[in-house]
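Working notes, beginning with the structure itself.
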Amino acid sequence: MPIIEFLAPHFAFLSEPTAWAALVTLVVMEVVLGIDNLIFISILTNKLPKEQQSRARRLGIGAALIMRLLLLATISFIVQLTTPLFTALGHAFSWRDLILIGGGLFLVWKATREIHHTVDPRNGTEHDIVGGTLKLSLGAAILQILLLDLVFSVDSIITAVGMTDEIVIMYIAVIAAVTVMLVAADPLARFIAANPSIVMLALGFLLMIGMTLIADGMGYHVPKGYIYTAMGFSALVEALNMLARRRKTSGEH
């Protein structure tokens with residue numbers, strides 16, 4: 001069949017164990033990197049009216065998938081983003097560095113703003129704050145999701161290029177990771193909304209991730225293992241606190 005004959009060369013890697021190892025590694029990496037994005041999406045969409053939240057998550061993640069696939073189609077251009085543009089402070093800055101710094105600054109600004117309004121919701125106007133949370137439109141939410149996903153996409157694609165030359169493997173990894181995000185988006189958002197203390201923890205994660213992106217863009221690479229270990233430990237401590245609060249509440253009744 002013509003279609004099978006056309007696709008066969010593109011899937012020849014299926015017979016190579018090394019290609020399968022690269023595929024599994026890339027899928028795991030994309031899913032782990034997606035956690036950062038998913039936390040941001042959950043916090044952002046929880047600011048929308050309840051009837052728009054799930055739709056915003058699906059639209060934002062769906063649009064992010066299309067953007068990532070389009071970026072993969074221009075992979076030769078993406079790879080060139082690591083070419084140095086200028087040197088400052090002893091570091092040769094590339095477009096990738098500038099994108100990471102810009103994304104990091106955006107995350108730090110967004111997380112700091114949300115923390116400020118969570119701690120002191122009275123410090124704002126009636127037009128942008130309702131019930132102690134910032135108002136947000138559907139379009140603005142999707143736009144911010146896409147902006148941040150662009151940062152993570154460029155970084156993950158450049159990392160993927162160093163792991164495999166098979167473009168098909170990269171496509172499969174991206175589709176698998178975004179599928180996981182679609183499945184996990186609503187449960188994670190509901191969990192964050194139902195536990196106010198988790199919101200502050202998640203904002204702290206975003207602040208840390210933003211600072212890590214800025215450091216990476218400035219040439220100071222922080223191993224991802226350190227970041228996710230710190231996030232996991234903090235989440236474990238918060239889970240124990242939640243368990244203690246629930247037992248105390250049930251004991252009082």
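Chain lettering (A, B, ...) mirrors the order of the structure tokens, residue numbering begins at 1 for each chain separately, and ligand numbering begins at 1 in order of display.
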Would you please give, as JSON, numbers by chain, all residues of segment 30-244 of chain A that DSSP assigns to alpha helix (DSSP H) based on the backbone?
{"A": [30, 31, 32, 33, 34, 35, 36, 37, 38, 39, 40, 41, 42, 43, 44, 45, 50, 51, 52, 53, 54, 55, 56, 57, 58, 59, 60, 61, 62, 63, 64, 65, 66, 67, 68, 69, 70, 71, 72, 73, 75, 76, 77, 78, 79, 95, 96, 97, 98, 99, 100, 101, 102, 103, 104, 105, 106, 107, 108, 109, 110, 111, 112, 113, 114, 115, 116, 117, 118, 119, 138, 139, 140, 141, 142, 143, 144, 145, 146, 147, 148, 149, 150, 151, 152, 153, 154, 155, 156, 157, 158, 159, 160, 161, 167, 168, 169, 170, 171, 172, 173, 174, 175, 176, 177, 178, 179, 180, 181, 182, 183, 184, 185, 186, 187, 188, 189, 190, 191, 192, 193, 194, 196, 197, 198, 199, 200, 201, 202, 203, 204, 205, 206, 207, 208, 209, 210, 211, 212, 213, 214, 215, 216, 217, 224, 225, 226, 227, 228, 229, 230, 231, 232, 233, 234, 235, 236, 237, 238, 239, 240, 241, 242, 243, 244]}
Strand (DSSP E) positions in segment 4-212 of chain A, given as JSON, numbers by chain
{"A": [84, 85, 86, 87, 88, 91, 92, 93, 94, 129, 130, 133, 134]}
Output file for the selection above: C-alpha atoms, as a PDB file, in the first residue's frame:
ATOM      1  CA  PRO A  84      25.678  33.497  20.313  1.00  0.00           C
ATOM      2  CA  LEU A  85      24.419  36.995  19.508  1.00  0.00           C
ATOM      3  CA  PHE A  86      26.513  39.122  21.860  1.00  0.00           C
ATOM      4  CA  THR A  87      28.682  38.794  24.938  1.00  0.00           C
ATOM      5  CA  ALA A  88      27.974  40.512  28.253  1.00  0.00           C
ATOM      6  CA  HIS A  91      28.543  35.149  28.947  1.00  0.00           C
ATOM      7  CA  ALA A  92      27.703  34.766  25.250  1.00  0.00           C
ATOM      8  CA  PHE A  93      23.960  35.330  24.999  1.00  0.00           C
ATOM      9  CA  SER A  94      21.883  33.563  22.345  1.00  0.00           C
ATOM     10  CA  ILE A 129     -10.153  41.781  42.034  1.00  0.00           C
ATOM     11  CA  VAL A 130     -13.199  39.749  42.950  1.00  0.00           C
ATOM     12  CA  THR A 133      -8.560  36.767  43.452  1.00  0.00           C
ATOM     13  CA  LEU A 134      -7.513  38.548  40.282  1.00  0.00           C
TER      14      LEU A 134
END
Within 10 Å of Lys224 of chain A using only C-alpha atoms, minus same-chain residues under 2 positions, as JSON, numbers by chain:
{"A": [32, 33, 209, 212, 221, 222, 226, 227, 228, 229, 230]}
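The interatomic distance for the pair atom CA of Ile41 of chain A and atom CA of Val174 of chain A works out to 17.3 Å.
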